[in-house]
Amino acid sequence: YSFTLEEAIDFALENSYEAINARRDVAKALKRKWETTADGLPQINGTVDYTNQLKQPVTLIPGEVAGGEPGTFVPVVFGTQQQMQLTATLTQLIFDGSYLVGLEAAKSFLQYTDDVEEKTRLDVRKGVINSYGSVLVSQEFVSILEENKTTLEKNYEETKKIFENGLAEEENVEQIQITLLQITNQLDNAKRQAEIALQMFNLTLGLDVQTDTKLTDDLDTLAMKNLDTSITAKPFILENNVNYRLAELVTEQRRLEMKLEKSRALPSLSAFVNYGTAAFDNDFVFFESETRWFQSSILGASLKIPIFSSLKRSARTQQAKIALDQSRTDFTKAQEQIQLQYNSALSDFKQSIANYESARKNLALAERIENKNQIKYTEGLATSFDLRQAQLQLYASQQEVLQAKLGIINNKAELETILNIPDVKPTNN
């Protein structure tokens with residue numbers, strides 16, 4: 001695989017593990033909505049009943065009925081030993097307050113799931129940007145360390161030859177050797193970290209971590225692109241923030257829960273009609289064509305009226321009301337937190353730009369200082385210790401610039417996430 005940053009984002013929005021499961025959550029919510037809707041639609045159930053009276057009950061009737069003596073009783077068996085009955089029943093809910101509230105709740109839950117998916121896609125986008133930048137920084141760091149190592153190896157060989165000719169102290173060689181060993185160790189570690197960063201990038205995209213991926217954008221271009229400060233002038237509309245909408249929908253769910261508890265005090269009306277057929281015989285002849293089947297049908301309605309629950313329904317309604325009040329308080333807190341997140345993200349982005357400008361200037365100064373010390377050291381005007389200090393200062397400045405570039409990229413992504421830009425809503429679920 002080969003990705004620009006935008007290509008990586010598009011790929012992750014379709015293939016990352018989080019995006020895939022978010023789409024599945026929406027699919028489940030759609031099925032849940034239909035499940036709720038189906039409760040108010042006609043329901044048909046069929047039953048098949050078969051009985052075999054292994055020992056039929058005996059009933060005593062007066063003897064005179066059967067031509068016997070008065071005062072005596074004759075044992076009689078009524079009915080057949082075996083019976084089969086087939087019945088189909090259609091039921092229809094006519095009115096139920098809780099059903100109507102359930103339809104509202106299902107629609108609200110579907111909207112909540114849609115917003116959760118949007119939030120997931122925003123987080124996926126931000127994660128891709130962060131991991132993409134981390135890979136570029138780690139790879140750039142490896143390149144810088146390799147260049148520094150090459151320079152140090154050259155210094156080491158030159159100083160070693162000078163020492164062997166008796167024109168320099170052994171300490172000069174040792175000072176450079178210490179720096180070279182440190183850079184070599186850092187380089188080995190940086191290569192391992194670059195490999196891990198690339199594996200994390202693959203994981204973010206939903207690829208196997210061992211996948212061979214190439215990043216085609218370079219760090220400088222990406223950082224310069226994100227230096228655009230026009231985003232700081234965009235108005236922050238709280239209602240557009242996905243976390244605001246989610247908190248609002250949670251409050252709406254609590255309101256519907258209270259409405260549901262109130263609806264339980266309303267009567268419910270349902271109707272049914274069934275049709276059945278039954279056959280009777282002492283032998284199992286129910287699948288034979290000569291067997292007689294007797295038809296039956298019933299039409300009915302049921303009206304359920306709640307009268308008294310010992311204040312149980314009232315207690316449940318009060319609980320729901322308290323939960324709604326709590327949710328409204330949480331919603332107010334969420335609004336303040338989102339505003340604070342925006343203020344913090346805006347401040348961090350502006351600071352990251354200032355950090356980059358400062359780090360860039362410091363790097364230019366560190367390069368000049370290191371270059372001067374290289375010349376002085378070659379001419380014998382500076383010690384190896386002075387040169388090492390200048391080199392370490394240069395290396396630190398190089399890392400600061402890399403981290404400053406990454407800070408610009410990450411902080412810009414955080415600010416865009418809070419502003420919900422760009423639009424990452426799925427076009428089709």
# chains A, B, ... in the order shown; residues from 1 in each chain; ligands from 1

$ residues_around --residues "Arg24 (chain A)" --least-positions-apart "5" --cutoff "12 Å" --atoms "only C-alpha atoms" --output "list in words"
Tyr17, Glu18, Ala19, Ala29, Leu30, Lys31, Thr113, Asp114, Val116, Glu117 and Asn429 of chain A

$ residues_around --residues "Glu257 (chain A)" --least-positions-apart "6" --cutoff "10 Å" --atoms "only C-alpha atoms" --output "ChimeraX atom specification"
/A:98,101-102,105,251,263,316-317,319-321,323-324

$ closest_residue --among "A:Val77, A:Ala88, A:Ala8, A:Ala265" --to "Lys312 (chain A)" --atoms "only C-alpha atoms"
A:Ala265

$ closest_residue --among "A:Gln43, A:Thr221, A:Gln253, A:Ser134" --to "Ala106 (chain A)" --atoms "only C-alpha atoms"
A:Gln253

$ select_by_dssp --residues "region 234-290 of chain A" --states "strand (DSSP E or B)" --output "list in words"
Ser268, Leu269, Ser270, Ala271, Phe272, Val273, Asn274, Tyr275, Gly276, Thr277, Ala278, Ala279, Phe280 and Asp281 of chain A

$ select_by_dssp --residues "region 179-264 of chain A" --states "helix (DSSP H, G or I)" --output "PyMOL selection string"
chain A and resi 179-205+219-226+229-233+238-240+242-263
